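*Asks:* Structure: structure-v4.txt, compact mmCIF, C-alpha atoms and all ligand atoms.
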```txt
# COMPACT_ATOMS: atom_id res chain seq x y z
CA MET A 1 -9.46 -4.87 -28.20
CA PRO A 2 -7.50 -2.39 -26.06
CA ILE A 3 -6.76 -3.54 -22.54
CA PRO A 4 -8.60 -1.28 -20.05
CA ILE A 5 -6.19 0.69 -17.91
CA PRO A 6 -7.25 0.52 -14.27
CA THR A 7 -7.65 3.93 -12.67
CA ARG A 8 -5.03 4.82 -10.09
CA THR A 9 -6.14 3.93 -6.61
CA THR A 10 -6.18 6.86 -4.25
CA PHE A 11 -6.61 6.91 -0.52
CA ASP A 12 -7.40 9.49 2.11
CA LEU A 13 -4.72 10.41 4.60
CA PHE A 14 -6.70 8.54 7.24
CA PRO A 15 -9.24 5.81 6.69
CA THR A 16 -12.78 6.19 7.95
CA LEU A 17 -12.74 5.21 11.59
CA TYR A 18 -15.44 3.07 13.17
CA ARG A 19 -16.21 2.42 16.83
CA GLU A 20 -15.56 -1.26 16.23
CA GLN A 21 -11.97 -0.46 15.35
CA ILE A 22 -11.45 1.43 18.56
CA ASP A 23 -13.08 -1.34 20.52
CA ALA A 24 -10.88 -3.91 18.79
CA ALA A 25 -7.81 -2.12 20.13
CA ARG A 26 -8.85 -2.55 23.77
CA THR A 27 -6.60 -5.06 25.44
CA SER A 28 -9.63 -7.10 26.51
CA SER A 29 -10.77 -7.42 22.87
CA TRP A 30 -7.57 -8.89 21.47
CA TYR A 31 -5.95 -10.52 24.49
CA ASP A 32 -7.56 -13.97 24.22
CA THR A 33 -6.79 -14.22 20.51
CA PHE A 34 -3.13 -13.31 20.93
CA GLU A 35 -2.52 -14.63 24.43
CA ASP A 36 0.43 -16.77 23.34
CA LEU A 37 2.04 -13.87 21.52
CA THR A 38 1.87 -11.20 24.16
CA PHE A 39 2.78 -10.45 27.77
CA GLN A 40 0.71 -12.37 30.27
CA SER A 41 -2.02 -10.10 31.56
CA THR A 42 -4.94 -10.04 33.94
CA ILE A 43 -7.92 -7.93 32.97
CA VAL A 44 -10.06 -6.68 35.81
CA ASP A 45 -13.55 -5.57 34.83
CA LEU A 46 -14.36 -3.03 37.52
CA ALA A 47 -18.13 -3.23 37.09
CA GLU A 48 -18.05 -7.01 37.37
CA LEU A 49 -15.97 -6.63 40.47
CA GLY A 50 -18.68 -4.38 41.88
CA GLU A 51 -16.30 -1.47 42.56
CA GLU A 52 -16.46 0.62 39.41
CA GLU A 53 -18.43 3.42 41.01
CA ASP A 54 -16.25 3.56 44.09
CA PHE A 55 -13.13 3.48 41.94
CA LEU A 56 -14.36 6.34 39.77
CA ASN A 57 -15.41 8.35 42.81
CA TRP A 58 -11.98 7.92 44.32
CA LEU A 59 -10.25 8.76 41.05
CA GLU A 60 -12.33 11.84 40.38
CA GLU A 61 -12.18 13.12 43.94
CA ASP A 62 -9.73 15.94 44.46
CA SER A 63 -8.03 14.04 47.23
CA ILE A 64 -4.60 12.62 47.73
CA PHE A 65 -5.63 9.70 49.90
CA LEU A 66 -5.20 6.18 48.64
CA PRO A 67 -7.76 3.44 49.15
CA GLU A 68 -7.50 1.78 52.51
CA GLY A 69 -5.36 -1.31 52.83
CA SER A 70 -3.63 -0.79 49.49
CA GLU A 71 -0.10 -0.56 50.85
CA GLY A 72 2.29 -3.43 50.39
CA ARG A 73 2.45 -6.50 48.26
CA TYR A 74 0.50 -8.54 50.82
CA ALA A 75 -2.74 -7.58 52.49
CA ALA A 76 -2.08 -6.41 55.99
CA GLY A 77 -3.77 -8.39 58.74
CA ALA A 78 -4.14 -7.09 62.27
CA SER A 79 -1.26 -4.66 61.81
CA LEU A 80 -2.60 -2.59 58.95
CA PRO A 81 -0.14 0.07 57.87
CA ASN A 82 -1.45 3.41 59.07
CA ALA A 83 -2.01 6.52 57.05
CA SER A 84 1.46 7.90 57.69
CA SER A 85 3.39 4.91 56.34
CA ASN A 86 5.95 5.38 53.60
CA ASN A 87 4.32 6.36 50.37
CA MET A 88 0.74 6.48 51.57
CA ASN A 89 -0.77 9.85 50.79
CA ARG A 90 2.06 10.80 48.51
CA GLN A 91 1.08 13.95 46.79
CA ARG A 92 0.70 14.60 43.14
CA SER A 93 3.52 16.86 42.13
CA ASN A 94 1.10 19.38 40.75
CA SER A 95 -1.24 19.28 43.70
CA THR A 96 -1.94 22.62 45.26
CA SER A 97 -2.82 21.40 48.74
CA SER A 98 0.54 21.57 50.37
CA ASP A 99 0.57 19.72 53.64
CA ALA A 100 -2.49 17.57 53.99
CA SER A 101 -0.63 14.32 54.57
CA SER A 102 1.70 15.68 57.17
CA LYS A 103 -0.84 17.19 59.53
CA SER A 104 -2.15 14.84 62.12
CA SER A 105 -5.11 17.15 62.74
CA ILE A 106 -6.14 16.60 59.14
CA SER A 107 -5.60 12.86 59.16
CA SER A 108 -8.51 12.41 61.55
CA GLU A 109 -10.77 14.09 58.98
CA ALA A 110 -9.20 12.32 56.04
CA PRO A 111 -11.66 10.63 53.72
CA ILE A 112 -11.42 6.88 53.68
CA TYR A 113 -11.80 5.02 50.41
CA HIS A 114 -12.59 1.35 50.26
CA LEU A 115 -11.67 -0.79 47.27
CA PRO A 116 -11.06 -4.14 48.96
CA LYS A 117 -11.90 -6.30 45.95
CA LEU A 118 -9.69 -4.28 43.67
CA ASN A 119 -6.86 -4.46 46.21
CA ALA A 120 -7.29 -8.23 46.23
CA ALA A 121 -7.42 -8.47 42.43
CA ILE A 122 -4.19 -6.49 42.09
CA ARG A 123 -2.48 -8.61 44.76
CA SER A 124 -3.62 -11.75 43.03
CA ALA A 125 -2.02 -10.54 39.77
CA LEU A 126 1.15 -9.64 41.68
CA ASP A 127 1.28 -13.20 43.07
CA LYS A 128 0.69 -14.67 39.65
CA TYR A 129 3.41 -12.61 37.98
CA GLY A 130 6.19 -12.90 40.52
CA GLY A 131 5.60 -9.66 42.38
CA SER A 132 5.40 -6.90 39.79
CA VAL A 133 2.89 -5.63 37.23
CA PHE A 134 2.61 -2.95 34.56
CA PRO A 135 -0.82 -1.28 34.75
CA LYS A 136 -3.03 0.31 32.14
CA LEU A 137 -6.71 0.99 31.59
CA ASN A 138 -8.75 -0.01 28.53
CA TRP A 139 -6.23 1.38 26.06
CA THR A 140 -3.85 3.64 27.89
CA SER A 141 -1.08 3.31 30.44
CA PRO A 142 -0.29 6.05 32.98
CA LYS A 143 3.19 6.51 31.53
CA ASP A 144 3.05 10.28 32.04
CA ALA A 145 2.98 9.58 35.79
CA ALA A 146 6.04 7.33 35.90
CA PHE A 147 7.89 9.95 37.95
CA ILE A 148 5.69 9.31 40.98
CA LEU A 149 7.21 5.89 41.68
CA PRO A 150 10.86 5.30 42.49
CA GLN A 151 12.66 4.52 39.24
CA THR A 152 13.88 0.96 39.06
CA ALA A 153 16.47 -0.67 36.85
CA SER A 154 13.59 -2.68 35.36
CA GLY A 155 11.94 0.40 33.87
CA PRO A 156 9.04 2.73 34.56
CA LEU A 157 5.57 1.85 35.88
CA TYR A 158 7.00 -0.96 37.97
CA CYS A 159 4.27 -1.72 40.50
CA THR A 160 4.67 -4.03 43.46
CA SER A 161 1.56 -3.11 45.44
CA PRO A 162 -2.00 -1.89 44.85
CA SER A 163 -0.95 1.53 46.16
CA ASP A 164 1.69 1.80 43.40
CA VAL A 165 -1.02 1.16 40.82
CA TYR A 166 -3.34 3.71 42.44
CA LEU A 167 -0.63 6.35 42.65
CA LEU A 168 0.08 6.04 38.95
CA LEU A 169 -3.57 6.17 37.96
CA LYS A 170 -4.29 9.10 40.24
CA SER A 171 -1.31 11.06 38.89
CA SER A 172 -1.86 10.43 35.20
CA ASP A 173 -3.54 12.76 32.77
CA PHE A 174 -3.21 10.26 29.93
CA ILE A 175 -5.62 7.75 31.41
CA SER A 176 -8.44 10.30 31.45
CA HIS A 177 -8.74 9.50 27.74
CA ASP A 178 -10.10 6.08 28.68
CA LEU A 179 -12.63 7.49 31.12
CA ASP A 180 -14.33 9.75 28.65
CA ASN A 181 -16.20 8.09 25.81
CA GLU A 182 -16.24 11.25 23.76
CA ARG A 183 -12.45 11.32 23.73
CA ALA A 184 -11.97 7.59 23.40
CA TYR A 185 -14.20 7.46 20.32
CA ALA A 186 -13.21 10.83 18.88
CA GLY A 187 -13.18 10.91 15.10
CA CYS A 188 -15.45 7.90 14.64
CA GLU A 189 -17.96 7.72 11.86
CA GLU A 190 -21.24 8.82 13.42
CA GLY A 191 -23.86 6.12 13.59
CA GLU A 192 -27.55 6.72 14.27
CA GLU A 193 -27.28 5.65 17.86
CA GLN A 194 -24.03 7.49 18.32
CA ASP A 195 -25.27 10.05 20.80
CA ALA A 196 -26.72 7.54 23.16
CA VAL A 197 -23.55 5.49 23.09
CA THR A 198 -21.20 8.43 23.35
CA PHE A 199 -22.64 9.56 26.62
CA MET A 200 -22.83 6.11 28.11
CA LYS A 201 -20.38 5.51 30.93
CA PRO A 202 -17.38 3.66 29.57
CA LYS A 203 -16.83 0.06 30.52
CA LEU A 204 -13.76 0.30 32.64
CA GLU A 205 -11.02 -2.30 32.75
CA LEU A 206 -7.77 -2.36 34.64
CA VAL A 207 -5.15 -4.35 32.76
CA LEU A 208 -2.30 -5.73 34.84
CA LYS A 209 0.50 -7.00 32.65
CA LYS A 210 3.30 -9.15 33.97
CA TYR A 211 6.19 -6.74 34.30
CA CYS A 212 9.01 -7.45 31.85
CA ASP A 213 12.41 -5.85 31.55
CA ILE A 214 12.05 -4.13 28.21
CA ASN A 215 15.00 -3.07 26.10
CA PRO A 216 13.61 -0.06 24.21
CA SER A 217 15.95 -0.63 21.27
CA ARG A 218 13.89 -3.69 20.36
CA GLU A 219 10.50 -1.96 20.38
CA ILE A 220 8.94 -1.22 17.01
CA ARG A 221 5.65 0.17 15.68
CA CYS A 222 4.05 -1.34 12.55
CA PHE A 223 1.48 0.27 10.24
CA VAL A 224 -1.19 -1.64 8.35
CA ARG A 225 -3.27 0.19 5.79
CA ASN A 226 -5.76 -1.33 3.37
CA ASN A 227 -4.66 -4.75 4.61
CA ALA A 228 -1.03 -4.15 3.63
CA LEU A 229 1.85 -3.98 6.06
CA ILE A 230 3.37 -0.74 4.83
CA GLY A 231 5.79 0.53 7.46
CA ILE A 232 7.81 -0.29 10.53
CA THR A 233 9.51 2.27 12.73
CA GLN A 234 11.85 2.05 15.65
CA ARG A 235 9.97 3.17 18.76
CA ASP A 236 12.65 4.73 20.94
CA ASN A 237 14.13 8.08 19.95
CA VAL A 238 17.74 7.00 20.21
CA PHE A 239 20.40 6.10 17.65
CA TYR A 240 21.21 2.39 17.96
CA ASP A 241 24.27 1.05 16.24
CA HIS A 242 22.89 -2.44 16.03
CA LEU A 243 19.86 -1.31 13.99
CA GLN A 244 21.99 0.05 11.18
CA SER A 245 23.04 -2.94 9.09
CA ASP A 246 20.98 -3.98 6.08
CA GLU A 247 21.09 -7.52 7.34
CA THR A 248 19.40 -6.57 10.63
CA ARG A 249 16.80 -4.44 8.91
CA ILE A 250 15.93 -7.24 6.50
CA LYS A 251 15.72 -9.69 9.37
CA ILE A 252 13.35 -7.40 11.30
CA CYS A 253 11.13 -6.90 8.24
CA ASP A 254 11.02 -10.65 7.59
CA THR A 255 10.12 -11.40 11.19
CA VAL A 256 7.37 -8.80 11.31
CA ARG A 257 5.98 -9.79 7.92
CA ALA A 258 5.82 -13.45 8.92
CA LEU A 259 4.16 -12.70 12.25
CA TRP A 260 1.66 -10.38 10.63
CA GLU A 261 0.83 -12.78 7.78
CA ASP A 262 0.64 -15.90 9.94
CA GLU A 263 -0.98 -14.58 13.07
CA VAL A 264 -2.32 -11.05 12.92
CA ARG A 265 -3.80 -10.43 9.48
CA GLU A 266 -6.56 -13.01 9.72
CA ASN A 267 -7.19 -12.79 13.42
CA TYR A 268 -7.22 -9.15 14.42
CA ASP A 269 -10.77 -7.77 14.60
CA GLY A 270 -9.95 -4.14 13.91
CA GLY A 271 -10.50 -4.12 10.16
CA ILE A 272 -7.89 -3.44 7.49
CA ASP A 273 -6.31 -0.30 8.93
CA TYR A 274 -4.48 -0.38 12.27
CA VAL A 275 -1.18 0.05 14.02
CA PHE A 276 0.49 -2.51 16.27
CA ASP A 277 3.51 -2.46 18.52
CA LEU A 278 5.95 -5.32 18.87
CA TYR A 279 8.83 -6.26 21.10
CA LEU A 280 11.53 -8.10 19.17
CA SER A 281 13.57 -10.95 20.61
CA PRO A 282 17.32 -10.31 21.07
CA ASN A 283 18.15 -12.06 17.78
CA PHE A 284 15.24 -10.29 16.00
CA GLN A 285 13.80 -13.60 14.89
CA SER A 286 10.59 -13.49 16.83
CA ALA A 287 8.44 -10.87 18.48
CA GLN A 288 5.77 -10.34 21.09
CA ILE A 289 2.77 -8.07 20.68
CA ILE A 290 2.74 -5.07 23.00
CA ASP A 291 -0.56 -3.65 21.81
CA PHE A 292 -2.78 -2.40 18.99
CA GLN A 293 -4.11 1.04 18.20
CA PRO A 294 -6.43 2.46 15.57
CA TYR A 295 -4.92 4.03 12.44
CA ARG A 296 -5.68 7.63 13.32
CA ASN A 297 -4.00 10.94 13.86
CA SER A 298 -3.60 10.52 17.60
CA THR A 299 -1.53 7.36 17.15
CA ASP A 300 2.03 8.66 16.99
CA PRO A 301 3.61 7.78 13.61
CA LEU A 302 7.06 8.21 15.24
CA LEU A 303 9.73 8.32 12.51
CA PHE A 304 7.13 8.43 9.74
CA THR A 305 4.62 11.11 8.95
CA TYR A 306 1.15 10.05 7.92
CA GLU A 307 1.79 11.76 4.57
CA GLU A 308 4.77 9.46 4.01
CA LEU A 309 2.72 6.43 4.95
CA LEU A 310 0.06 7.51 2.48
CA SER A 311 2.60 7.84 -0.27
CA ILE A 312 3.99 4.35 0.48
CA LEU A 313 0.45 3.00 0.33
CA GLU A 314 -0.38 4.71 -2.94
CA THR A 315 2.81 3.51 -4.56
CA ALA A 316 2.08 -0.01 -3.39
CA PHE A 317 -1.40 -0.01 -4.87
CA GLU A 318 -0.57 1.91 -8.01
CA PRO A 319 -1.58 -0.27 -10.94
CA LEU A 320 1.27 -1.65 -13.04
CA PRO A 321 1.47 -0.26 -16.58
CA PRO A 322 -0.10 -2.44 -19.28
CA CYS A 323 2.18 -5.24 -20.48
CA ASP A 324 2.92 -3.77 -23.92
CA GLU A 325 4.23 -0.57 -22.33
CA VAL A 326 6.63 -2.39 -20.09
CA THR A 327 10.19 -2.41 -21.23
CA ALA A 328 13.29 -3.27 -19.35
CA THR A 329 14.31 0.38 -19.26
CA THR A 330 11.06 1.98 -18.14
CA THR A 331 9.99 -0.37 -15.37
CA ILE A 332 10.74 0.99 -11.91
CA PRO A 333 10.47 -1.79 -9.36
CA LYS A 334 8.15 -1.01 -6.48
CA PRO A 335 9.83 -0.91 -3.08
CA ARG A 336 9.43 -4.11 -1.13
CA LEU A 337 7.10 -3.62 1.81
CA PRO A 338 7.23 -2.91 4.64
CA ILE A 339 9.50 0.13 4.65
CA PHE A 340 11.66 0.10 7.77
CA LYS A 341 12.77 3.32 9.47
CA ALA A 342 15.37 3.65 12.18
CA ILE A 343 17.33 6.62 13.41
CA ASP A 344 20.40 6.46 11.23
CA SER A 345 22.72 8.97 12.84
CA GLN A 346 23.39 10.63 16.15
CA SER A 347 22.46 13.93 14.56
CA HIS A 348 19.09 12.74 13.25
CA PRO A 349 16.47 15.36 14.25
CA SER A 350 14.51 12.74 16.18
CA ALA A 351 17.55 11.39 18.00
CA ASN A 352 17.01 12.19 21.59
CA ARG A 353 18.25 13.84 24.32
CA ASN A 354 18.85 12.07 27.54
CA ALA A 355 15.68 13.49 29.00
CA PRO A 356 12.71 11.27 29.65
CA THR A 357 9.91 11.46 27.11
CA TYR A 358 7.15 12.80 29.35
CA GLN A 359 9.20 15.25 31.31
CA SER A 360 6.77 18.07 30.68
CA ASN A 361 4.15 16.10 32.57
CA MET A 362 6.48 15.56 35.43
CA MET A 363 7.84 18.47 37.35
CA PRO A 364 8.36 22.17 37.26
CA PHE A 365 10.86 23.06 34.58
CA GLU A 366 13.33 24.47 37.13
CA MET A 367 13.43 21.12 38.82
CA ILE A 368 14.20 19.32 35.59
CA GLU A 369 16.92 21.80 34.71
CA PHE A 370 18.31 21.53 38.17
CA SER A 371 18.55 17.76 38.02
CA GLN A 372 20.77 17.69 34.92
CA GLY A 373 24.02 15.85 35.53
CA ARG A 374 23.21 15.00 39.15
CA ASN A 375 22.39 11.69 40.69
CA LEU A 376 19.36 11.48 42.97
CA ASP A 377 21.23 12.18 46.23
CA GLU A 378 23.16 15.06 44.74
CA PHE A 379 19.99 16.46 43.26
CA LYS A 380 18.09 16.18 46.53
CA GLU A 381 20.85 17.90 48.44
CA ALA A 382 21.27 20.66 45.86
CA TRP A 383 17.54 21.20 45.57
CA GLU A 384 17.11 21.54 49.32
CA GLU A 385 19.99 23.99 49.44
CA ALA A 386 18.48 26.03 46.64
CA LEU A 387 15.10 26.10 48.37
CA ALA A 388 16.67 27.16 51.66
CA GLN A 389 18.59 29.89 49.86
CA GLY A 390 15.43 30.99 48.09
CA LEU A 391 13.63 31.27 51.42
CA THR A 392 16.31 33.42 53.00
CA GLU A 393 16.79 35.71 50.00
N1 LIG A 401 4.56 -5.71 30.45
C1 LIG A 401 5.38 -4.67 30.44
N2 LIG A 401 6.43 -4.60 31.29
C2 LIG A 401 7.26 -3.53 31.28
N3 LIG A 401 7.15 -2.50 30.44
C3 LIG A 401 6.14 -2.52 29.55
C4 LIG A 401 5.20 -3.59 29.51
N4 LIG A 401 4.31 -3.34 28.53
C5 LIG A 401 4.66 -2.18 27.99
N5 LIG A 401 5.76 -1.67 28.57
C6 LIG A 401 6.47 -0.43 28.23
O1 LIG A 401 5.57 0.65 28.29
C7 LIG A 401 5.39 1.27 27.03
C8 LIG A 401 3.95 1.62 26.82
O2 LIG A 401 3.16 0.44 26.90
P1 LIG A 401 1.75 0.31 26.21
O3 LIG A 401 1.90 0.43 24.73
O4 LIG A 401 1.09 -0.90 26.72
O5 LIG A 401 1.01 1.60 26.77
P2 LIG A 401 0.31 2.75 25.93
O6 LIG A 401 -0.33 3.64 26.91
O7 LIG A 401 -0.50 2.14 24.86
O8 LIG A 401 1.58 3.51 25.31
P3 LIG A 401 1.78 4.03 23.80
O9 LIG A 401 0.77 5.10 23.59
O10 LIG A 401 3.21 4.52 23.83
O11 LIG A 401 1.59 2.85 22.92
C9 LIG A 401 5.92 0.25 26.02
O12 LIG A 401 6.45 0.91 24.90
C10 LIG A 401 6.99 -0.47 26.80
O13 LIG A 401 8.21 0.24 26.78
MG MG A 402 0.53 1.24 23.23
```
Give the structure from the file, written as structure tokens.
Ligand SMILES: Nc1ncnc2c1ncn2[C@@H]1O[C@H](COP(=O)(O)OP(=O)(O)OP(=O)(O)O)[C@@H](O)[C@H]1O
Ligand SMILES: [Mg+2]
*Replies:*
Amino acid sequence: MPIPIPTRTTFDLFPTLYREQIDAARTSSWYDTFEDLTFQSTIVDLAELGEEEDFLNWLEEDSIFLPEGSEGRYAAGASLPNASSNNMNRQRSNSTSSDASSKSSISSEAPIYHLPKLNAAIRSALDKYGGSVFPKLNWTSPKDAAFILPQTASGPLYCTSPSDVYLLLKSSDFISHDLDNERAYAGCEEGEEQDAVTFMKPKLELVLKKYCDINPSREIRCFVRNNALIGITQRDNVFYDHLQSDETRIKICDTVRALWEDEVRENYDGGIDYVFDLYLSPNFQSAQIIDFQPYRNSTDPLLFTYEELLSILETAFEPLPPCDEVTATTTIPKPRLPIFKAIDSQSHPSANRNAPTYQSNMMPFEMIEFSQGRNLDEFKEAWEEALAQGLTE
């Protein structure tokens, strides 16, 4: 009897997406399961705290004033910092109101926002994590707003006070994704009760991660499709010499495969298609989870394209030819998964630039151009000179 030849398995470019998969990628959904494998975090449920409405009102208000008492690592007692202290009332760079914070006549009319419990929750996380946190909402960090805080050697989004956290959130466009259910669940398979759920107010969480000095050369993104770990890509757009040897690449693949098989595959609730980010240890032999995201177009495939990932998947699941057709000369071994991609030369099209990734969210283009090759003091001086010149011309 002839052996039936299995039909070739085909896949769509993207799998069908369900709300459950998006929910599974919220930090609060996976944190308890992977607590030992990720950065220590505190998740603040704003509704439970009783300040969700006030927080949203403050965030949505077209105002540059920060919630009262949010300055400083420690809550101020009798000597509360007043509205003119250091970075209180710092303006969004794209704000059109030009001098609200500097006019004392306006300060008497300034709206006052109260988020005392949230201030306390952020300070409690700061205490727990040695004085600094990395903030994000349900899924998204305000990394497009990193410019608003002084840059530290530790990296961006380094927050040491509630006001730092508020400034980032207020200045970020990215986090608006998490505040709008329609955007957060875009592309999901429509269920019967979809409409009602879509227009429900999102459950809002502030995630405060212990701040860690991250070396971007050890960040990677991993793709799982149809319950197979198909690809790993370097995350940072820079050529790194130490990622070039076969030995290193094999070590990284082995580490990721082991972590995925032993810890993630059976325990992650987001189905059989998802993407996760890892931070490798210096010797590449272990890794910590940074976060998860759904397998969908809006998740950046970085050095891959989704077409390439599809082709890797289809090759992996392509049925083997029947035994009697297999000869030593015709068998092409399938590539061992996952496929690892790193930038392999300085001239690689993705190899970056010294400019920060979200510069277009940051400042007027002239300002960026003007800053090239200058340190902060030089830039400040030159910028002021240019402005003065511009005013007199
Ligand atoms: N605990 C932390 N301490 C310091 N930096 C961090 C921390 N967690 C993440 N980062 C840095 O911030 C980047 C973004 O973090 P995260 O993935 O949590 O946010 P995101 O909004 O989901 O970003 P993306 O869309 O790039 O995945 C990471 O790639 C890493 O470089
Ligand atoms: Mg992420």
*Asks:* Check which residues fall inside 7 Å of ligand MG 402 (chain A) when counting only C-alpha atoms and all ligand atoms, and print them as a ChimeraX atom specification.
*Replies:* /A:140,277,290-293
*Asks:* One decimal, Å: what's the distance from CA of Asp262 (chain A) over to CA of Glu219 (chain A), could you say?
*Replies:*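 Interatomic distance, CA of Asp262 (chain A) to CA of Glu219 (chain A): 20.0 Å.
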*Asks:* Just give me the gap between CA of Asp246 (chain A) and CA of Ser347 (chain A) in Å, one decimal is fine.
*Replies:*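 Computing it gives 19.9 Å between the two atoms.
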*Asks:* Please find the residues contacting ligand LIG 401 (chain A) at a distance of at most 9 Å between atoms, with all atoms listed in the file counted, and report them as a ChimeraX atom specification.
*Replies:* /A:27,38-41,132-137,139-143,154-158,174-175,208-216,219-221,235-236,276-279,290-293,299-300
*Asks:* CA of Arg249 (chain A) to CA of Ser281 (chain A): how many Å, to one decimal?
*Replies:*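 We find that CA of Arg249 (chain A) and CA of Ser281 (chain A) lie 13.8 Å from each other.
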*Asks:* Neighbours of Asp23 (chain A) within 12 Å (all atoms listed in the file; same-chain residues fewer than 2 positions away dropped), as a ChimeraX atom specification?
*Replies:* /A:17-21,25-30,138-139,178,181,184-185,188,202-203,268-271,274,292-294
*Asks:* With all atoms listed in the file as the atoms that count, which of A:Lys251, A:Lys117, A:Arg225, A:His242 lies nearest to Val275 (chain A)?
*Replies:* A:Arg225
*Asks:* For Thr16 (chain A), which residue out of A:Ile272, A:Leu149, A:Ala120, A:Ile43 is the nearest one, using all atoms listed in the file?
*Replies:*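 Closest candidate: A:Ile272.
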*Asks:* Quick one: residues within 6 Å of region 65-74 of chain A, only C-alpha atoms counted, chain neighbours fewer than 3 positions away excluded, as a list of chain:residue names?
*Replies:*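 The contact residues come out as A:Asn89, A:Tyr113, A:His114, A:Asn119, A:Thr160, A:Ser161, A:Pro162, A:Ser163.
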*Asks:* Counting only C-alpha atoms, which of A:Gln151, A:Asn226, A:Gln288, A:Asn283 gets nearest to Ala316 (chain A)?
*Replies:*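 Ranked by minimum distance to Ala316 (chain A), first place goes to A:Asn226.
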